$ cat my_file-v7.txt   # compact mmCIF, N, CA and C atoms
# COMPACT_ATOMS: atom_id res chain seq x y z
N MET A 1 -38.19 0.21 -7.08
CA MET A 1 -37.79 1.55 -6.76
C MET A 1 -39.02 2.33 -6.33
N SER A 2 -38.92 3.13 -5.31
CA SER A 2 -40.07 3.87 -4.81
C SER A 2 -40.32 5.13 -5.62
N VAL A 3 -41.42 5.81 -5.27
CA VAL A 3 -41.85 7.00 -6.02
C VAL A 3 -40.82 8.12 -5.94
N ASN A 4 -40.16 8.30 -4.80
CA ASN A 4 -39.22 9.40 -4.66
C ASN A 4 -37.85 9.10 -5.24
N GLY A 5 -37.68 7.95 -5.86
CA GLY A 5 -36.43 7.64 -6.56
C GLY A 5 -35.38 6.99 -5.70
N ILE A 6 -35.65 6.80 -4.43
CA ILE A 6 -34.68 6.17 -3.54
C ILE A 6 -35.35 4.96 -2.92
N GLY A 7 -34.77 3.79 -3.11
CA GLY A 7 -35.38 2.57 -2.62
C GLY A 7 -35.37 2.50 -1.11
N GLY A 8 -36.31 1.76 -0.56
CA GLY A 8 -36.32 1.48 0.87
C GLY A 8 -36.77 2.64 1.71
N GLY A 9 -35.86 3.26 2.49
CA GLY A 9 -36.19 4.26 3.48
C GLY A 9 -36.49 5.64 2.94
N GLY A 10 -36.20 5.92 1.72
CA GLY A 10 -36.52 7.21 1.13
C GLY A 10 -35.68 8.33 1.70
N ILE A 11 -36.29 9.49 1.82
CA ILE A 11 -35.61 10.71 2.24
C ILE A 11 -35.09 10.59 3.67
N ASP A 12 -35.85 9.94 4.54
CA ASP A 12 -35.41 9.81 5.94
C ASP A 12 -34.08 9.06 6.03
N ARG A 13 -33.93 8.04 5.20
CA ARG A 13 -32.69 7.27 5.21
C ARG A 13 -31.52 8.12 4.71
N VAL A 14 -31.74 8.90 3.66
CA VAL A 14 -30.69 9.77 3.14
C VAL A 14 -30.30 10.81 4.17
N LEU A 15 -31.28 11.39 4.86
CA LEU A 15 -30.98 12.39 5.89
C LEU A 15 -30.22 11.77 7.06
N ALA A 16 -30.56 10.53 7.40
CA ALA A 16 -29.84 9.85 8.49
C ALA A 16 -28.39 9.59 8.08
N LEU A 17 -28.18 9.16 6.84
CA LEU A 17 -26.81 8.94 6.36
C LEU A 17 -26.03 10.24 6.33
N ARG A 18 -26.67 11.33 5.90
CA ARG A 18 -26.02 12.64 5.88
C ARG A 18 -25.61 13.06 7.28
N ALA A 19 -26.50 12.83 8.26
CA ALA A 19 -26.19 13.19 9.64
C ALA A 19 -25.00 12.39 10.16
N GLN A 20 -24.93 11.10 9.81
CA GLN A 20 -23.79 10.27 10.22
C GLN A 20 -22.49 10.78 9.61
N ILE A 21 -22.55 11.15 8.35
CA ILE A 21 -21.36 11.66 7.68
C ILE A 21 -20.89 12.95 8.34
N LEU A 22 -21.81 13.83 8.65
CA LEU A 22 -21.44 15.10 9.30
C LEU A 22 -20.86 14.86 10.68
N GLU A 23 -21.42 13.91 11.43
CA GLU A 23 -20.89 13.60 12.75
C GLU A 23 -19.47 13.06 12.66
N ARG A 24 -19.23 12.18 11.71
CA ARG A 24 -17.88 11.62 11.54
C ARG A 24 -16.90 12.69 11.10
N ASN A 25 -17.34 13.58 10.24
CA ASN A 25 -16.48 14.67 9.79
C ASN A 25 -16.09 15.56 10.97
N GLN A 26 -17.06 15.87 11.83
CA GLN A 26 -16.75 16.69 13.00
C GLN A 26 -15.80 15.96 13.94
N ALA A 27 -16.00 14.65 14.11
CA ALA A 27 -15.10 13.88 14.96
C ALA A 27 -13.68 13.87 14.40
N LEU A 28 -13.56 13.75 13.09
CA LEU A 28 -12.23 13.78 12.47
C LEU A 28 -11.59 15.15 12.63
N GLN A 29 -12.37 16.21 12.52
CA GLN A 29 -11.81 17.55 12.70
C GLN A 29 -11.34 17.75 14.13
N ARG A 30 -12.12 17.24 15.11
CA ARG A 30 -11.68 17.36 16.51
C ARG A 30 -10.39 16.57 16.73
N ALA A 31 -10.31 15.37 16.16
CA ALA A 31 -9.09 14.57 16.30
C ALA A 31 -7.92 15.27 15.64
N ASN A 32 -8.14 15.90 14.51
CA ASN A 32 -7.10 16.64 13.80
C ASN A 32 -6.61 17.82 14.65
N GLN A 33 -7.54 18.50 15.31
CA GLN A 33 -7.15 19.62 16.16
C GLN A 33 -6.32 19.15 17.35
N GLN A 34 -6.65 17.98 17.87
CA GLN A 34 -5.88 17.45 18.99
C GLN A 34 -4.47 17.06 18.56
N VAL A 35 -4.33 16.56 17.34
CA VAL A 35 -3.02 16.14 16.84
C VAL A 35 -2.15 17.35 16.53
N THR A 36 -2.71 18.33 15.82
CA THR A 36 -1.92 19.46 15.38
C THR A 36 -1.92 20.61 16.38
N GLY A 37 -2.99 20.71 17.18
CA GLY A 37 -3.09 21.81 18.12
C GLY A 37 -3.59 23.10 17.49
N VAL A 38 -3.85 23.08 16.20
CA VAL A 38 -4.32 24.27 15.50
C VAL A 38 -5.67 23.94 14.88
N PRO A 39 -6.73 24.72 15.21
CA PRO A 39 -8.04 24.44 14.62
C PRO A 39 -8.00 24.59 13.10
N GLY A 40 -8.53 23.59 12.41
CA GLY A 40 -8.63 23.65 10.96
C GLY A 40 -7.34 23.33 10.22
N ALA A 41 -6.26 23.07 10.96
CA ALA A 41 -4.97 22.81 10.30
C ALA A 41 -4.90 21.35 9.87
N ALA A 42 -4.25 21.13 8.79
CA ALA A 42 -4.05 19.77 8.31
C ALA A 42 -2.94 19.12 9.12
N PRO A 43 -2.99 17.81 9.30
CA PRO A 43 -1.91 17.14 10.01
C PRO A 43 -0.59 17.31 9.26
N THR A 44 0.49 17.29 10.01
CA THR A 44 1.80 17.54 9.42
C THR A 44 2.43 16.22 8.96
N ALA A 45 1.66 15.44 8.22
CA ALA A 45 2.18 14.19 7.68
C ALA A 45 2.92 14.47 6.38
N ALA A 46 3.67 13.49 5.94
CA ALA A 46 4.39 13.64 4.68
C ALA A 46 3.38 13.75 3.54
N PRO A 47 3.71 14.51 2.52
CA PRO A 47 2.78 14.62 1.39
C PRO A 47 2.59 13.28 0.71
N ALA A 48 1.39 13.08 0.19
CA ALA A 48 1.07 11.81 -0.47
C ALA A 48 1.92 11.64 -1.72
N LYS A 49 2.46 10.43 -1.89
CA LYS A 49 3.27 10.14 -3.06
C LYS A 49 2.38 9.53 -4.13
N SER A 50 2.80 9.69 -5.36
CA SER A 50 2.04 9.10 -6.45
C SER A 50 2.22 7.59 -6.43
N PHE A 51 1.33 6.92 -7.15
CA PHE A 51 1.40 5.46 -7.22
C PHE A 51 2.70 5.01 -7.87
N ALA A 52 3.09 5.72 -8.93
CA ALA A 52 4.33 5.36 -9.64
C ALA A 52 5.54 5.51 -8.72
N ALA A 53 5.57 6.57 -7.92
CA ALA A 53 6.69 6.77 -7.00
C ALA A 53 6.71 5.69 -5.92
N THR A 54 5.54 5.30 -5.45
CA THR A 54 5.46 4.24 -4.44
C THR A 54 5.95 2.92 -5.01
N MET A 55 5.53 2.62 -6.24
CA MET A 55 5.99 1.38 -6.87
C MET A 55 7.50 1.40 -7.12
N GLN A 56 8.00 2.55 -7.54
CA GLN A 56 9.44 2.67 -7.79
C GLN A 56 10.22 2.45 -6.49
N ASP A 57 9.74 3.02 -5.39
CA ASP A 57 10.40 2.83 -4.10
C ASP A 57 10.37 1.35 -3.69
N ALA A 58 9.24 0.69 -3.92
CA ALA A 58 9.13 -0.72 -3.56
C ALA A 58 10.09 -1.57 -4.39
N LEU A 59 10.16 -1.29 -5.69
CA LEU A 59 11.08 -2.05 -6.54
C LEU A 59 12.54 -1.80 -6.15
N HIS A 60 12.84 -0.56 -5.79
CA HIS A 60 14.20 -0.23 -5.35
C HIS A 60 14.53 -1.00 -4.06
N SER A 61 13.57 -1.08 -3.16
CA SER A 61 13.78 -1.80 -1.91
C SER A 61 14.02 -3.29 -2.16
N VAL A 62 13.23 -3.88 -3.07
CA VAL A 62 13.43 -5.29 -3.41
C VAL A 62 14.80 -5.50 -4.04
N ASN A 63 15.21 -4.58 -4.90
CA ASN A 63 16.53 -4.67 -5.53
C ASN A 63 17.64 -4.61 -4.48
N GLN A 64 17.51 -3.72 -3.52
CA GLN A 64 18.51 -3.62 -2.45
C GLN A 64 18.56 -4.91 -1.64
N THR A 65 17.40 -5.49 -1.36
CA THR A 65 17.34 -6.74 -0.60
C THR A 65 18.05 -7.86 -1.36
N GLN A 66 17.82 -7.93 -2.67
CA GLN A 66 18.47 -8.96 -3.47
C GLN A 66 19.98 -8.72 -3.56
N THR A 67 20.38 -7.48 -3.65
CA THR A 67 21.82 -7.16 -3.70
C THR A 67 22.50 -7.57 -2.40
N ARG A 68 21.88 -7.27 -1.25
CA ARG A 68 22.45 -7.66 0.04
C ARG A 68 22.57 -9.18 0.15
N ALA A 69 21.55 -9.89 -0.31
CA ALA A 69 21.59 -11.35 -0.25
C ALA A 69 22.70 -11.89 -1.15
N SER A 70 22.84 -11.31 -2.31
CA SER A 70 23.90 -11.75 -3.23
C SER A 70 25.28 -11.49 -2.65
N GLU A 71 25.45 -10.32 -2.04
CA GLU A 71 26.75 -10.00 -1.43
C GLU A 71 27.06 -10.93 -0.27
N ALA A 72 26.03 -11.25 0.55
CA ALA A 72 26.26 -12.16 1.68
C ALA A 72 26.62 -13.55 1.17
N SER A 73 25.95 -14.01 0.11
CA SER A 73 26.26 -15.32 -0.46
C SER A 73 27.67 -15.35 -1.03
N SER A 74 28.04 -14.29 -1.74
CA SER A 74 29.38 -14.22 -2.32
C SER A 74 30.45 -14.21 -1.23
N ALA A 75 30.20 -13.47 -0.17
CA ALA A 75 31.17 -13.42 0.93
C ALA A 75 31.32 -14.79 1.57
N TYR A 76 30.22 -15.51 1.73
CA TYR A 76 30.29 -16.86 2.31
C TYR A 76 31.05 -17.81 1.39
N GLU A 77 30.80 -17.69 0.09
CA GLU A 77 31.46 -18.57 -0.88
C GLU A 77 32.96 -18.29 -0.96
N ARG A 78 33.35 -17.05 -0.71
CA ARG A 78 34.78 -16.71 -0.73
C ARG A 78 35.48 -17.17 0.54
N GLY A 79 34.73 -17.63 1.51
CA GLY A 79 35.34 -18.13 2.73
C GLY A 79 35.48 -17.08 3.82
N GLU A 80 34.86 -15.94 3.64
CA GLU A 80 34.91 -14.91 4.68
C GLU A 80 34.09 -15.38 5.87
N THR A 81 34.36 -14.80 7.01
CA THR A 81 33.66 -15.21 8.22
C THR A 81 32.26 -14.57 8.24
N VAL A 82 31.35 -15.30 7.64
CA VAL A 82 29.96 -14.86 7.58
C VAL A 82 29.11 -15.99 8.14
N ASP A 83 28.18 -15.63 9.01
CA ASP A 83 27.30 -16.62 9.61
C ASP A 83 26.35 -17.18 8.54
N ILE A 84 26.31 -18.50 8.42
CA ILE A 84 25.47 -19.14 7.40
C ILE A 84 24.00 -18.83 7.64
N ALA A 85 23.60 -18.68 8.89
CA ALA A 85 22.20 -18.36 9.19
C ALA A 85 21.83 -16.99 8.62
N LYS A 86 22.76 -16.04 8.72
CA LYS A 86 22.49 -14.71 8.17
C LYS A 86 22.40 -14.75 6.65
N VAL A 87 23.22 -15.57 6.03
CA VAL A 87 23.19 -15.72 4.58
C VAL A 87 21.85 -16.31 4.15
N MET A 88 21.44 -17.38 4.81
CA MET A 88 20.17 -18.02 4.46
C MET A 88 18.99 -17.10 4.73
N LEU A 89 19.05 -16.36 5.81
CA LEU A 89 17.98 -15.41 6.12
C LEU A 89 17.89 -14.31 5.06
N ALA A 90 19.02 -13.80 4.63
CA ALA A 90 19.04 -12.77 3.59
C ALA A 90 18.49 -13.30 2.28
N ARG A 91 18.84 -14.54 1.95
CA ARG A 91 18.32 -15.15 0.71
C ARG A 91 16.82 -15.37 0.79
N GLN A 92 16.34 -15.83 1.93
CA GLN A 92 14.90 -16.03 2.09
C GLN A 92 14.15 -14.69 2.03
N GLU A 93 14.71 -13.69 2.68
CA GLU A 93 14.09 -12.36 2.67
C GLU A 93 13.98 -11.83 1.24
N SER A 94 15.04 -11.98 0.47
CA SER A 94 15.00 -11.49 -0.91
C SER A 94 14.02 -12.31 -1.74
N SER A 95 13.93 -13.60 -1.48
CA SER A 95 13.00 -14.44 -2.20
C SER A 95 11.56 -14.05 -1.91
N VAL A 96 11.24 -13.82 -0.66
CA VAL A 96 9.88 -13.41 -0.29
C VAL A 96 9.55 -12.04 -0.88
N ALA A 97 10.49 -11.12 -0.83
CA ALA A 97 10.26 -9.78 -1.40
C ALA A 97 10.01 -9.86 -2.90
N PHE A 98 10.78 -10.70 -3.59
CA PHE A 98 10.59 -10.87 -5.03
C PHE A 98 9.23 -11.49 -5.33
N GLU A 99 8.86 -12.53 -4.59
CA GLU A 99 7.56 -13.18 -4.81
C GLU A 99 6.42 -12.21 -4.56
N ALA A 100 6.52 -11.39 -3.52
CA ALA A 100 5.47 -10.40 -3.24
C ALA A 100 5.37 -9.38 -4.37
N THR A 101 6.51 -8.95 -4.88
CA THR A 101 6.52 -8.01 -6.00
C THR A 101 5.91 -8.65 -7.24
N LEU A 102 6.22 -9.89 -7.46
CA LEU A 102 5.66 -10.61 -8.60
C LEU A 102 4.14 -10.72 -8.49
N GLN A 103 3.64 -10.99 -7.30
CA GLN A 103 2.20 -11.09 -7.10
C GLN A 103 1.51 -9.74 -7.32
N VAL A 104 2.14 -8.67 -6.86
CA VAL A 104 1.57 -7.33 -7.10
C VAL A 104 1.53 -7.04 -8.59
N ARG A 105 2.61 -7.40 -9.29
CA ARG A 105 2.64 -7.19 -10.73
C ARG A 105 1.52 -7.97 -11.41
N ASN A 106 1.31 -9.21 -11.00
CA ASN A 106 0.27 -10.03 -11.59
C ASN A 106 -1.12 -9.43 -11.35
N LYS A 107 -1.34 -8.92 -10.14
CA LYS A 107 -2.64 -8.30 -9.84
C LYS A 107 -2.83 -7.02 -10.66
N LEU A 108 -1.78 -6.23 -10.80
CA LEU A 108 -1.88 -5.01 -11.61
C LEU A 108 -2.17 -5.35 -13.07
N LEU A 109 -1.51 -6.35 -13.58
CA LEU A 109 -1.73 -6.76 -14.96
C LEU A 109 -3.16 -7.27 -15.15
N SER A 110 -3.65 -8.03 -14.20
CA SER A 110 -5.02 -8.52 -14.26
C SER A 110 -6.02 -7.36 -14.22
N ALA A 111 -5.78 -6.39 -13.34
CA ALA A 111 -6.67 -5.23 -13.27
C ALA A 111 -6.63 -4.43 -14.56
N TYR A 112 -5.46 -4.29 -15.15
CA TYR A 112 -5.33 -3.57 -16.42
C TYR A 112 -6.11 -4.28 -17.51
N LYS A 113 -6.00 -5.60 -17.57
CA LYS A 113 -6.74 -6.36 -18.57
C LYS A 113 -8.25 -6.21 -18.37
N ASP A 114 -8.69 -6.25 -17.10
CA ASP A 114 -10.11 -6.08 -16.83
C ASP A 114 -10.60 -4.70 -17.26
N ILE A 115 -9.83 -3.69 -16.99
CA ILE A 115 -10.22 -2.32 -17.37
C ILE A 115 -10.25 -2.18 -18.88
N MET A 116 -9.26 -2.75 -19.56
CA MET A 116 -9.20 -2.62 -21.01
C MET A 116 -10.32 -3.41 -21.69
N SER A 117 -10.85 -4.44 -21.05
CA SER A 117 -11.93 -5.22 -21.66
C SER A 117 -13.31 -4.65 -21.35
N MET A 118 -13.38 -3.60 -20.55
CA MET A 118 -14.68 -2.98 -20.25
C MET A 118 -15.21 -2.24 -21.46
N PRO A 119 -16.50 -2.39 -21.70
CA PRO A 119 -17.07 -1.62 -22.83
C PRO A 119 -17.18 -0.14 -22.47
N VAL A 120 -16.97 0.68 -23.45
CA VAL A 120 -17.01 2.13 -23.20
C VAL A 120 -18.36 2.69 -23.57
$ encode --input "my_file-v7.txt" --output "C-alpha cells"
Amino acid sequence: MSVNGIGGGGIDRVLALRAQILERNQALQRANQQVTGVPGAAPTAAPAKSFAATMQDALHSVNQTQTRASEASSAYERGETVDIAKVMLARQESSVAFEATLQVRNKLLSAYKDIMSMPV
C-alpha cells in the first residue's frame, strides 16, 4: 500500500475514475432526456417490484403452466380432440419451468446458508 493510502496510481487514478463516473452519469441523463423528453425526469417505467413479489409472480406463472399441461393431458386422456404434440409441448414446458424454479430455490438456499455461516 502506498503512502497516500491508495495502491498503485494514487490520487490521479481516483480522479480519473471519478471523471469516468461523471461522464457516464451525464450520458445516462442525456439518454433519459431523449427517452422522456423532459430534462431531469425519470423514465416512465413500471415501479420496481420487491424480490418477494417477483418470486411470487414467478411461482404463480409456473403453477399456471403446470395447470395448463395437466388440463391438456386430461383432455387428451378423455378422448377429446387435442393434438398430441400440443400436449407433449405443454408437459415439457411445465417440466422445464419447474426445474428452473427448483434450481433458483437451490441457489437461494445455498446463498442463505452461506450468509448464515458468515462470522459477525
$ residues_around --input "my_file-v7.txt" --residues "stretch 52-57 of chain A" --least-positions-apart "5" --cutoff "12 Å" --atoms "only C-alpha atoms" --output "MDAnalysis selection string"
chainID A and resid 62:64 101 104:105 108
$ residues_around --input "my_file-v7.txt" --residues "A:Ala72" --least-positions-apart "3" --cutoff "8 Å" --atoms "all atoms listed in the file" --output "NGL selection string"
:A and (66-69 or 75-78 or 82 or 86-88 or 90-91)
$ atom_distance --input "my_file-v7.txt" --atom1 "atom C of A:Ala97" --atom2 "atom CA of A:Thr65"
8.3 Å
$ atom_distance --input "my_file-v7.txt" --atom1 "atom CA of A:Lys107" --atom2 "atom CA of A:Ser70"
27.6 Å
$ atom_distance --input "my_file-v7.txt" --atom1 "atom CA of A:Ser61" --atom2 "atom N of A:Phe98"
9.5 Å
$ select_by_dssp --input "my_file-v7.txt" --residues "chain A" --states "alpha helix (DSSP H)" --output "VMD selection string"
chain A and resid 10 to 36 51 to 77 84 to 116
